[in-house]
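These notes are about the structure you will find just below.
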Number of protein chains: 2
Amino acid sequence: MFTLPQKDFSAPTTCLGPACMQDLGSSHGDDLEGECSRKLDQKLPELPGVGDSAMLSPDTSYLSSRGRMIKWFWDSAEEGYRTYHMDEYDENKNPSGIINLGVSENKLCFDLLSWRLSQSDMQRVEPSLLQYADWRGHLFLREEVAKFLSFYCKSPAPLRPENVVVLNGGASLFSALATVLCEAGEAFLIPTPYYGAITQHVCLYGNVRLACVYLDSEVRVLASQVEPGRACGQEFPESGLRVVHGVKVKGLILINPQNPLGDIYSPEELQEYLVFAKRHKLHVIVDEVYMLSVFEESVGYRSVLSLERLPDPQRTHVMWATSKDFGMSGLRFGTLYTENQDVATAVASLCRYHGLSGLVQYQMAQLLRDRDWINQVYLPENHARLKAAHTYVSEELRALGIPFLSRGAGFFIWVDLRKYLPKATFEEEMLLWRRFLDNKVLLSFGKAFECKEPGWFRFVFSDQAHRLCLGMQRVRQVLAGKSQVAEDPPPSQSQEPSDQCR
Amino acid sequence: MFTLPQKDFSAPTTCLGPACMQDLGSSHGDDLEGECSRKLDQKLPELPGVGDSAMLSPDTSYLSSRGRMIKWFWDSAEEGYRTYHMDEYDENKNPSGIINLGVSENKLCFDLLSWRLSQSDMQRVEPSLLQYADWRGHLFLREEVAKFLSFYCKSPAPLRPENVVVLNGGASLFSALATVLCEAGEAFLIPTPYYGAITQHVCLYGNVRLACVYLDSEVRVLASQVEPGRACGQEFPESGLRVVHGVKVKGLILINPQNPLGDIYSPEELQEYLVFAKRHKLHVIVDEVYMLSVFEESVGYRSVLSLERLPDPQRTHVMWATSKDFGMSGLRFGTLYTENQDVATAVASLCRYHGLSGLVQYQMAQLLRDRDWINQVYLPENHARLKAAHTYVSEELRALGIPFLSRGAGFFIWVDLRKYLPKATFEEEMLLWRRFLDNKVLLSFGKAFECKEPGWFRFVFSDQAHRLCLGMQRVRQVLAGKSQVAEDPPPSQSQEPSDQCR
């Protein structure tokens, strides 16, 4: 996927605010239907910003400047999410409400999870669970996490509880790692497009930036049918890597399986990244929160913890959580695995602010140790449901002649709607996104992932069939309206669920 | 307790590292038995530090400088706590283990709490509880918090759910408020001695300092018996308040009931503080985590939310949690109440990193709404048990002729062991503390609360009778050894529980 050459590279250019995204992406042509591989930007990486001053709310004397920046993220980034929450679709109570295909949650297995979490073995209340405990997490839980990761990551040797720190989710772990690994103002490299919330996670408390390494888009034609494309190579700049436009780079973030692309790194690619990082004394944070959501066995996912030998184990830090793989983003459980005891201790010290209830720690230990239920019930059923939902959306997209990346992992499809933009600008991308929202379907637009080309969207497919069907119907309506009369309002029948979606 | 004069004050002096504590406190005399009121320091406030560079672990190339500071807090501040956890007292399994009278937890009511949390109404598992929710907290919980605080704080008008933000504990709330109210390097004023962990909470992420306003010690003799003393006045400097040695002061932290003194602020004192803060445009964070742990009704506790009118409601932010009042520090539930929507939103934005499980949110809503159980079972029983434990420790201290502050609130007694120090230094205080720990009883020493006089200790009394009895027996042994042969090791029989403590 990536190539990591030894050769020198021209000095990278950077930009420091979201405004830098405004004038990009005007170069896409009409070569979508042919095989292509275009370098979008030789000048990399870029540093996505955190809101320039003009975008912040007017000065109030009550908040610090960073307080205003933190509030700005709430006010702006979560607009679609809050609009959705004010008008959530409900089959009975609010059939014309918004269908959420934007937030990456797995809504396919609540029946299984509710059953498991309601069993009597989950209900223990003991004094030790109600008292202060080791901020790294209760030992009984860290032991279960070590066993769980040893098994599912297929580690060559058993993983150890002392290398485990548990906390209330992956977001907190990004915040803590950024703070203890970087000085304020330093940066992590990240292959881009990437899960955009990481920008906030490393910045809001830690004041750490992300330096984007852009991926190219590539679409292939197989037979006479438009087939999924593939994100492909972008080279890392070797010279000048440690300092990008005055910003020191301290590490590299890898998301595997990748969000939003769904890509899987092969062991060879992983190894290449790790060797590259070691050469530059970069930390590597490997985010594996979708590792058990690989529903196509053929893709051959391998956790970084399965490698026979890590090139630089003291700088390799792995994160996992139950938010995605167990469809419980509201439960707030995540974990770090690192052999570096300084890093584990420093993160644990911050866990005063990221602690999770002793009662939940007990429940998570019960869940993770129930290998029978996970292997025989939950994972097979979850994967079958994810695959069916993915197949449905893929077929819908193919029927519309829309290119997309088809992967066998994650909850989302990276969809190329560039041909529906009258002009290749992020303003047009935003207009199209609003048209979807006005037609009561929430999607995520590419700019939220720092995608460089306007017109890409992430479709989340891990939802119940009737909602997925209705959501895709509303998408079709917008795209049909768009291709026919660009400025027309969406058809009114879109406000009601269709019979075929029940 | 405090007087807040209008007159100008000489420019305050400050110190910026823990080293500033080393040469203090050498002025205490032997006037303990007489009524006294000594100004310990006219030069205030001081800024307790966060570890000077010499105290940090040797440079490792893996952590940032702030990462090393964060790790230093773990390595040093929690020494006693971790020693305790490696050798916890257990009546059956480890009778010679350490008795913990150092950590402020209420261990008197686990029977009541376990029963309540095990009831069937606590066990609901719904999809909405497992999904991402409003980072301010589920609305159903914020509604219950508003009703709960309205009732128990005796607010003149109903409090409103939109002013409530819930998160995983008071520590997180200090971290979030410090970050959104202050720039890095700014400070809060705090009456001192104070609950020392706040130093970390405002600093580790927020890089905010505390400016100490020292309280005097005063001990009175009533009849021929040493009676509890009283912390008394220290004046705030009015001029130059906003900038202390180049550090800008942004607010004031009040803990009510106070930790470690147990003091209660009268409505008049509260009002005086609030007016003072308004005059200087200072935020006031009022930490009321012990508000339902006032076990002597006669002390007449009043929440700041009971005041008819807040002088500056936009700068008044109230915190409460279940850690203390419901004896569940391991459950991780806290809440902010503020009328300032900018502050509430900015804190909510940081709650991505301080979120608590939807399942726990549901349980907390069930608990807080059960007014019958709280009023008729939990609070009366909890207060009776706290009072009995307090009485026991008070009588032990009186029998030893040891002065202490007797309050009717909180879990601790502020004890004056100055006469047991051969020299009035913090080194001697630490030696005495280690002697207690060696004799298997964990206490908190005054320096941990930034107390200016060496020799004060905080005794936590909210524990089961047999542990309390054994703990006090071990304290007596150390003090007896100390007064007889200062350097003697503790008697070996202290390793076994006494029959009278069962």
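Residues in the structure tokens are named by chain (A, B, ... in the order shown) and by number from 1 within that chain; ligands are numbered from 1 in the order shown.
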Can you pull out the residues contacting A:Leu417? Cut-off 9 Å, using only C-alpha atoms, and skip same-chain residues under 6 positions away; I want them as JSON, numbers by chain.
{"A": [402, 403, 404, 429, 454, 455, 456, 457]}
Those selected residues, please, written with N, CA, C and O atoms and delivered as a short mmCIF file (atom, residue, chain, number, x, y, z; two decimals), in the first residue's frame.
```
data_model
loop_
_atom_site.label_atom_id
_atom_site.label_comp_id
_atom_site.auth_asym_id
_atom_site.auth_seq_id
_atom_site.Cartn_x
_atom_site.Cartn_y
_atom_site.Cartn_z
N ILE A 402 -21.59 3.84 -9.15
CA ILE A 402 -20.74 4.69 -8.29
C ILE A 402 -19.51 3.90 -7.86
O ILE A 402 -19.64 2.81 -7.30
N PRO A 403 -18.32 4.43 -8.10
CA PRO A 403 -17.10 3.73 -7.66
C PRO A 403 -16.96 3.80 -6.14
O PRO A 403 -17.37 4.77 -5.50
N PHE A 404 -16.35 2.77 -5.60
CA PHE A 404 -16.11 2.75 -4.15
C PHE A 404 -15.02 1.74 -3.85
O PHE A 404 -14.67 0.91 -4.69
N GLU A 429 -18.82 19.81 -1.99
CA GLU A 429 -18.94 18.58 -1.18
C GLU A 429 -19.86 18.82 0.01
O GLU A 429 -20.74 18.01 0.31
N PRO A 454 -12.11 16.68 -3.13
CA PRO A 454 -13.52 16.83 -2.75
C PRO A 454 -14.37 15.77 -3.45
O PRO A 454 -14.10 15.42 -4.59
N GLY A 455 -15.37 15.27 -2.75
CA GLY A 455 -16.33 14.38 -3.40
C GLY A 455 -16.36 12.96 -2.86
O GLY A 455 -17.19 12.17 -3.30
N TRP A 456 -15.48 12.65 -1.91
CA TRP A 456 -15.53 11.31 -1.31
C TRP A 456 -16.39 11.34 -0.06
O TRP A 456 -16.37 12.30 0.69
N PHE A 457 -17.13 10.26 0.15
CA PHE A 457 -18.00 10.15 1.33
C PHE A 457 -17.81 8.78 1.98
O PHE A 457 -17.51 7.80 1.31
#
```
For B:Asp342: contacts at 10 Å, only C-alpha atoms, fewer than 3 positions along chain excluded, given as JSON, numbers by chain:
{"A": [57, 60, 62, 63, 67, 68, 71], "B": [180, 314, 338, 339, 345, 346, 347, 348]}
Limited to N, CA and C atoms, could you put the picked residues into a file as a short mmCIF file (atom, residue, chain, number, x, y, z; two decimals), in the first residue's frame?
```cif
data_model
loop_
_atom_site.label_atom_id
_atom_site.label_comp_id
_atom_site.auth_asym_id
_atom_site.auth_seq_id
_atom_site.Cartn_x
_atom_site.Cartn_y
_atom_site.Cartn_z
N SER A 57 -15.54 31.06 18.08
CA SER A 57 -16.64 31.93 18.48
C SER A 57 -16.04 33.25 18.98
N THR A 60 -15.20 35.42 24.41
CA THR A 60 -15.93 35.64 25.65
C THR A 60 -14.88 35.71 26.73
N TYR A 62 -15.04 34.56 29.51
CA TYR A 62 -15.14 33.45 30.45
C TYR A 62 -14.17 32.32 30.13
N LEU A 63 -13.85 32.14 28.87
CA LEU A 63 -13.01 30.99 28.49
C LEU A 63 -11.60 31.43 28.12
N GLY A 67 -9.81 27.15 25.69
CA GLY A 67 -11.21 26.82 25.99
C GLY A 67 -12.11 27.16 24.82
N ARG A 68 -11.83 28.29 24.16
CA ARG A 68 -12.63 28.67 23.00
C ARG A 68 -12.40 27.70 21.83
N LYS A 71 -14.30 24.58 22.63
CA LYS A 71 -15.73 24.79 22.39
C LYS A 71 -16.03 24.84 20.89
N VAL B 180 -10.20 24.80 30.33
CA VAL B 180 -11.06 25.71 29.56
C VAL B 180 -11.14 27.12 30.17
N GLN B 314 -22.27 33.59 36.27
CA GLN B 314 -21.55 33.15 35.09
C GLN B 314 -20.12 32.70 35.40
N THR B 338 -23.24 24.56 36.22
CA THR B 338 -22.88 25.94 35.94
C THR B 338 -23.93 26.57 35.03
N GLU B 339 -24.23 27.84 35.30
CA GLU B 339 -25.17 28.55 34.43
C GLU B 339 -24.49 29.05 33.17
N THR B 345 -20.37 23.95 27.69
CA THR B 345 -20.10 23.37 26.37
C THR B 345 -18.64 22.99 26.22
N ALA B 346 -17.75 23.87 26.68
CA ALA B 346 -16.32 23.56 26.55
C ALA B 346 -15.96 22.34 27.39
N VAL B 347 -16.49 22.26 28.60
CA VAL B 347 -16.24 21.07 29.43
C VAL B 347 -16.82 19.83 28.74
N ALA B 348 -18.03 19.96 28.20
CA ALA B 348 -18.65 18.83 27.51
C ALA B 348 -17.79 18.36 26.34
#
```
Helix (DSSP H, G or I) positions in stretch 277-485 of chain B, given as a PyMOL selection string:
chain B and resi 277-279+297-299+304-306+313-315+322-325+341-353+358-369+371-399+418-420+426-438+446-449+465-484
Excluding same-chain residues fewer than 3 positions from stretch 301-310 of chain B, what lies within 6 Å of it counting only C-alpha atoms, as a ChimeraX atom specification?
/B:153-155,313
Just-selected residues, all heavy atoms written as a short mmCIF file (atom, residue, chain, number, x, y, z; two decimals), in the first residue's frame:
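Resulting contents of part_36.cif:
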```
data_model
loop_
_atom_site.label_atom_id
_atom_site.label_comp_id
_atom_site.auth_asym_id
_atom_site.auth_seq_id
_atom_site.Cartn_x
_atom_site.Cartn_y
_atom_site.Cartn_z
N CYS B 153 -29.29 20.42 47.68
CA CYS B 153 -28.62 21.72 47.85
C CYS B 153 -29.60 22.79 48.30
O CYS B 153 -29.20 23.91 48.57
CB CYS B 153 -27.94 22.16 46.56
SG CYS B 153 -26.65 21.05 46.01
N LYS B 154 -30.89 22.44 48.34
CA LYS B 154 -31.93 23.40 48.74
C LYS B 154 -31.84 24.67 47.89
O LYS B 154 -31.77 25.79 48.42
CB LYS B 154 -31.82 23.73 50.23
CG LYS B 154 -31.99 22.51 51.16
CD LYS B 154 -32.02 22.93 52.62
CE LYS B 154 -32.30 21.76 53.56
NZ LYS B 154 -31.26 20.69 53.49
N SER B 155 -31.89 24.49 46.60
CA SER B 155 -31.80 25.66 45.72
C SER B 155 -33.12 26.42 45.77
O SER B 155 -34.19 25.83 45.88
CB SER B 155 -31.51 25.21 44.29
OG SER B 155 -32.58 24.46 43.78
N PRO B 313 -23.09 34.58 38.76
CA PRO B 313 -23.44 33.20 38.38
C PRO B 313 -22.67 32.69 37.16
O PRO B 313 -22.42 31.50 37.05
CB PRO B 313 -24.95 33.26 38.10
CG PRO B 313 -25.27 34.70 37.98
CD PRO B 313 -24.26 35.47 38.77
#
```
Hey, what's within 9 Å of A:Gln361 if we count only C-alpha atoms and toss same-chain stuff fewer than 4 positions away? As an NGL selection string, please?
:A and (129 or 137-138 or 140-141 or 166 or 333 or 356-357 or 365-366)
Closest of A:Ser114, A:Gln464, A:Ser150, A:Asn375 to chain B - atom-to-atom distances counting only C-alpha atoms
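Answer, going by the shortest atom-to-atom distance: A:Ser114.
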Pick out each residue of stretch 280-450 of chain A that DSSP on the backbone tags as strand (DSSP E); I need them as a CSV table (one decimal) with all heavy atoms, in the first residue's frame.
```csv
chain,number,residue,atom,x,y,z
A,283,HIS,N,7.9,7.0,17.4
A,283,HIS,CA,6.9,6.1,18.0
A,283,HIS,C,5.9,5.7,17.0
A,283,HIS,O,5.6,6.4,16.0
A,283,HIS,CB,6.1,6.8,19.2
A,283,HIS,CG,7.0,7.1,20.4
A,283,HIS,ND1,7.2,6.2,21.4
A,283,HIS,CD2,7.7,8.2,20.7
A,283,HIS,CE1,8.0,6.7,22.3
A,283,HIS,NE2,8.3,7.9,21.9
A,284,VAL,N,5.3,4.5,17.1
A,284,VAL,CA,4.2,4.1,16.3
A,284,VAL,C,3.0,3.7,17.1
A,284,VAL,O,3.1,2.8,18.0
A,284,VAL,CB,4.6,2.8,15.4
A,284,VAL,CG1,3.5,2.5,14.4
A,284,VAL,CG2,5.9,3.1,14.6
A,285,ILE,N,1.9,4.4,16.9
A,285,ILE,CA,0.7,4.0,17.6
A,285,ILE,C,-0.1,3.2,16.6
A,285,ILE,O,-0.5,3.8,15.5
A,285,ILE,CB,-0.1,5.3,18.0
A,285,ILE,CG1,0.7,6.1,19.0
A,285,ILE,CG2,-1.4,4.9,18.6
A,285,ILE,CD1,0.1,7.4,19.4
A,286,VAL,N,-0.4,2.0,16.9
A,286,VAL,CA,-1.2,1.1,16.0
A,286,VAL,C,-2.6,1.0,16.6
A,286,VAL,O,-2.7,0.4,17.6
A,286,VAL,CB,-0.5,-0.2,15.8
A,286,VAL,CG1,-1.2,-1.0,14.6
A,286,VAL,CG2,1.0,-0.1,15.5
A,287,ASP,N,-3.5,1.6,15.9
A,287,ASP,CA,-4.9,1.6,16.4
A,287,ASP,C,-5.6,0.4,15.7
A,287,ASP,O,-5.9,0.4,14.5
A,287,ASP,CB,-5.6,2.9,15.9
A,287,ASP,CG,-7.0,3.0,16.3
A,287,ASP,OD1,-7.6,1.9,16.7
A,287,ASP,OD2,-7.6,4.0,16.0
A,316,THR,N,6.6,1.0,20.1
A,316,THR,CA,5.4,0.5,19.5
A,316,THR,C,4.3,0.3,20.5
A,316,THR,O,4.4,-0.4,21.5
A,316,THR,CB,5.7,-0.9,18.8
A,316,THR,OG1,6.9,-0.7,18.0
A,316,THR,CG2,4.6,-1.4,17.9
A,317,HIS,N,3.2,1.0,20.3
A,317,HIS,CA,2.1,1.1,21.2
A,317,HIS,C,0.8,0.7,20.5
A,317,HIS,O,0.4,1.4,19.6
A,317,HIS,CB,2.0,2.5,21.9
A,317,HIS,CG,3.4,3.1,22.2
A,317,HIS,ND1,4.2,2.5,23.1
A,317,HIS,CD2,4.1,4.1,21.7
A,317,HIS,CE1,5.4,3.2,23.2
A,317,HIS,NE2,5.3,4.2,22.3
A,318,VAL,N,0.1,-0.3,21.1
A,318,VAL,CA,-1.1,-0.8,20.4
A,318,VAL,C,-2.3,-0.5,21.1
A,318,VAL,O,-2.3,-0.6,22.4
A,318,VAL,CB,-0.9,-2.4,20.2
A,318,VAL,CG1,-2.1,-2.9,19.4
A,318,VAL,CG2,0.4,-2.7,19.6
A,319,MET,N,-3.4,0.0,20.4
A,319,MET,CA,-4.6,0.2,21.1
A,319,MET,C,-5.7,-0.6,20.6
A,319,MET,O,-5.8,-0.9,19.4
A,319,MET,CB,-5.0,1.7,21.0
A,319,MET,CG,-5.0,2.4,19.7
A,319,MET,SD,-5.0,4.2,19.9
A,319,MET,CE,-6.6,4.5,20.5
A,320,TRP,N,-6.6,-1.0,21.5
A,320,TRP,CA,-7.8,-1.7,21.1
A,320,TRP,C,-8.9,-1.3,22.1
A,320,TRP,O,-8.7,-0.7,23.1
A,320,TRP,CB,-7.6,-3.3,21.2
A,320,TRP,CG,-8.8,-4.0,20.8
A,320,TRP,CD1,-9.2,-4.2,19.5
A,320,TRP,CD2,-9.7,-4.7,21.7
A,320,TRP,NE1,-10.4,-5.0,19.6
A,320,TRP,CE2,-10.7,-5.3,20.9
A,320,TRP,CE3,-9.8,-4.8,23.1
A,320,TRP,CZ2,-11.8,-6.0,21.4
A,320,TRP,CZ3,-10.9,-5.5,23.6
A,320,TRP,CH2,-11.9,-6.1,22.7
A,321,ALA,N,-10.2,-1.5,21.6
A,321,ALA,CA,-11.3,-1.1,22.4
A,321,ALA,C,-12.5,-2.0,22.1
A,321,ALA,O,-12.5,-2.7,21.1
A,321,ALA,CB,-11.6,0.4,22.2
A,334,GLY,N,-11.4,0.9,26.6
A,334,GLY,CA,-10.3,0.8,25.7
A,334,GLY,C,-9.1,0.3,26.4
A,334,GLY,O,-9.0,0.3,27.7
A,335,THR,N,-8.0,-0.1,25.7
A,335,THR,CA,-6.8,-0.6,26.3
A,335,THR,C,-5.6,-0.3,25.5
A,335,THR,O,-5.6,-0.2,24.3
A,335,THR,CB,-6.9,-2.1,26.6
A,335,THR,OG1,-5.8,-2.5,27.3
A,335,THR,CG2,-7.1,-2.9,25.3
A,336,LEU,N,-4.5,0.0,26.2
A,336,LEU,CA,-3.2,0.1,25.6
A,336,LEU,C,-2.4,-1.1,25.8
A,336,LEU,O,-2.5,-1.7,26.9
A,336,LEU,CB,-2.5,1.3,26.3
A,336,LEU,CG,-1.0,1.5,26.0
A,336,LEU,CD1,-0.7,1.9,24.6
A,336,LEU,CD2,-0.4,2.5,27.0
A,337,TYR,N,-1.6,-1.5,24.8
A,337,TYR,CA,-0.6,-2.6,25.1
A,337,TYR,C,0.7,-2.0,24.6
A,337,TYR,O,0.9,-1.7,23.5
A,337,TYR,CB,-0.9,-3.9,24.3
A,337,TYR,CG,0.0,-5.0,24.8
A,337,TYR,CD1,-0.3,-5.7,26.0
A,337,TYR,CD2,1.2,-5.2,24.2
A,337,TYR,CE1,0.5,-6.7,26.5
A,337,TYR,CE2,2.1,-6.2,24.8
A,337,TYR,CZ,1.7,-6.9,25.9
A,337,TYR,OH,2.6,-7.8,26.4
A,338,THR,N,1.7,-1.9,25.6
A,338,THR,CA,3.0,-1.4,25.2
A,338,THR,C,4.0,-2.1,26.2
A,338,THR,O,3.8,-2.3,27.4
A,338,THR,CB,3.1,0.1,25.4
A,338,THR,OG1,4.5,0.5,25.0
A,338,THR,CG2,2.8,0.6,26.8
A,404,PHE,N,-16.3,2.8,-5.6
A,404,PHE,CA,-16.1,2.7,-4.1
A,404,PHE,C,-15.0,1.7,-3.8
A,404,PHE,O,-14.7,0.9,-4.7
A,404,PHE,CB,-17.4,2.4,-3.4
A,404,PHE,CG,-18.0,1.0,-3.8
A,404,PHE,CD1,-17.7,-0.1,-3.0
A,404,PHE,CD2,-18.8,0.9,-4.9
A,404,PHE,CE1,-18.2,-1.3,-3.4
A,404,PHE,CE2,-19.3,-0.4,-5.2
A,404,PHE,CZ,-19.0,-1.5,-4.5
A,405,LEU,N,-14.5,1.8,-2.6
A,405,LEU,CA,-13.5,0.9,-2.2
A,405,LEU,C,-14.2,-0.3,-1.5
A,405,LEU,O,-14.9,-0.1,-0.6
A,405,LEU,CB,-12.5,1.5,-1.2
A,405,LEU,CG,-11.7,2.7,-1.6
A,405,LEU,CD1,-10.6,2.9,-0.6
A,405,LEU,CD2,-11.1,2.6,-3.0
A,412,PHE,N,-17.7,0.5,7.1
A,412,PHE,CA,-18.0,1.6,6.2
A,412,PHE,C,-17.4,1.3,4.8
A,412,PHE,O,-16.5,0.5,4.6
A,412,PHE,CB,-17.3,2.9,6.7
A,412,PHE,CG,-16.1,2.7,7.5
A,412,PHE,CD1,-14.9,2.3,6.9
A,412,PHE,CD2,-16.2,2.7,8.9
A,412,PHE,CE1,-13.8,2.0,7.7
A,412,PHE,CE2,-15.1,2.4,9.7
A,412,PHE,CZ,-13.9,2.0,9.1
A,413,ILE,N,-17.9,2.1,3.8
A,413,ILE,CA,-17.5,2.0,2.5
A,413,ILE,C,-17.1,3.4,2.1
A,413,ILE,O,-17.8,4.4,2.3
A,413,ILE,CB,-18.6,1.4,1.6
A,413,ILE,CG1,-18.9,0.0,2.0
A,413,ILE,CG2,-18.1,1.5,0.1
A,413,ILE,CD1,-20.0,-0.6,1.2
A,414,TRP,N,-15.9,3.5,1.5
A,414,TRP,CA,-15.4,4.8,1.0
A,414,TRP,C,-15.9,5.0,-0.4
A,414,TRP,O,-15.5,4.2,-1.3
A,414,TRP,CB,-13.9,4.8,1.1
A,414,TRP,CG,-13.2,6.1,0.9
A,414,TRP,CD1,-12.2,6.4,0.0
A,414,TRP,CD2,-13.3,7.3,1.7
A,414,TRP,NE1,-11.7,7.6,0.1
A,414,TRP,CE2,-12.4,8.2,1.2
A,414,TRP,CE3,-14.1,7.7,2.8
A,414,TRP,CZ2,-12.2,9.5,1.7
A,414,TRP,CZ3,-13.9,8.9,3.3
A,414,TRP,CH2,-13.0,9.9,2.8
A,415,VAL,N,-16.7,6.0,-0.6
A,415,VAL,CA,-17.5,6.1,-1.8
A,415,VAL,C,-17.1,7.4,-2.6
A,415,VAL,O,-17.0,8.5,-2.0
A,415,VAL,CB,-19.1,6.2,-1.5
A,415,VAL,CG1,-19.9,6.4,-2.7
A,415,VAL,CG2,-19.5,4.9,-0.7
A,416,ASP,N,-17.0,7.2,-3.9
A,416,ASP,CA,-16.5,8.3,-4.8
A,416,ASP,C,-17.7,9.0,-5.4
A,416,ASP,O,-18.3,8.5,-6.4
A,416,ASP,CB,-15.6,7.7,-5.8
A,416,ASP,CG,-15.0,8.7,-6.8
A,416,ASP,OD1,-15.4,9.9,-6.7
A,416,ASP,OD2,-14.3,8.3,-7.7
A,441,VAL,N,-30.7,11.8,5.6
A,441,VAL,CA,-29.7,10.8,5.8
A,441,VAL,C,-28.4,11.4,6.1
A,441,VAL,O,-27.9,12.3,5.4
A,441,VAL,CB,-29.7,9.9,4.5
A,441,VAL,CG1,-29.4,10.6,3.2
A,441,VAL,CG2,-28.7,8.7,4.7
A,442,LEU,N,-27.8,11.0,7.2
A,442,LEU,CA,-26.5,11.6,7.7
A,442,LEU,C,-25.4,10.7,7.1
A,442,LEU,O,-25.3,9.5,7.4
A,442,LEU,CB,-26.5,11.6,9.2
A,442,LEU,CG,-25.2,12.1,9.8
A,442,LEU,CD1,-24.9,13.5,9.5
A,442,LEU,CD2,-25.2,11.9,11.4
A,444,SER,N,-20.8,11.0,6.2
A,444,SER,CA,-19.6,11.7,6.5
A,444,SER,C,-18.9,12.1,5.2
A,444,SER,O,-18.8,11.3,4.3
A,444,SER,CB,-18.7,10.8,7.4
A,444,SER,OG,-19.3,10.5,8.6
A,445,PHE,N,-18.6,13.4,5.1
A,445,PHE,CA,-17.9,13.9,3.9
A,445,PHE,C,-16.4,13.7,4.0
A,445,PHE,O,-15.9,13.7,5.2
A,445,PHE,CB,-18.3,15.3,3.6
A,445,PHE,CG,-18.2,16.2,4.8
A,445,PHE,CD1,-17.0,16.8,5.2
A,445,PHE,CD2,-19.3,16.6,5.5
A,445,PHE,CE1,-16.9,17.6,6.3
A,445,PHE,CE2,-19.3,17.4,6.6
A,445,PHE,CZ,-18.0,17.9,7.0
```
Name all residues at most 9 Å from A:Leu139 (count only C-alpha atoms; drop same-chain ones fewer than 5 positions away) and give them as JSON, numbers by chain.
{"A": [134, 144, 161, 162]}
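Nearest to A:Ala146 of all the residues A:Lys419, A:Glu186, A:Leu331, A:Leu368 is A:Leu368, based on only C-alpha atoms.
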Polymer residues at most 9 Å from B:Tyr152, only C-alpha atoms, same-chain spacing of 5 or more positions, as a list in words
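Selected residues are Lys147, Met291, Leu292 and Ser303 of chain B.
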Go ahead and save the residues from that selection, with N, CA and C atoms, as a PDB file, in the first residue's frame.
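Done, and the output landed in result.pdb:
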```pdb
ATOM      1  N   LYS B 147     -32.618  17.492  39.506  1.00  0.00           N
ATOM      2  CA  LYS B 147     -33.614  17.329  40.574  1.00  0.00           C
ATOM      3  C   LYS B 147     -32.928  17.022  41.908  1.00  0.00           C
ATOM      4  N   MET B 291     -20.786  17.182  50.520  1.00  0.00           N
ATOM      5  CA  MET B 291     -21.945  17.934  51.026  1.00  0.00           C
ATOM      6  C   MET B 291     -22.957  17.068  51.780  1.00  0.00           C
ATOM      7  N   LEU B 292     -23.072  15.777  51.430  1.00  0.00           N
ATOM      8  CA  LEU B 292     -24.010  14.907  52.151  1.00  0.00           C
ATOM      9  C   LEU B 292     -23.307  14.097  53.235  1.00  0.00           C
ATOM     10  N   SER B 303     -25.124  24.553  50.913  1.00  0.00           N
ATOM     11  CA  SER B 303     -24.511  24.528  49.583  1.00  0.00           C
ATOM     12  C   SER B 303     -24.515  25.929  48.991  1.00  0.00           C
TER      13      SER B 303
END
```
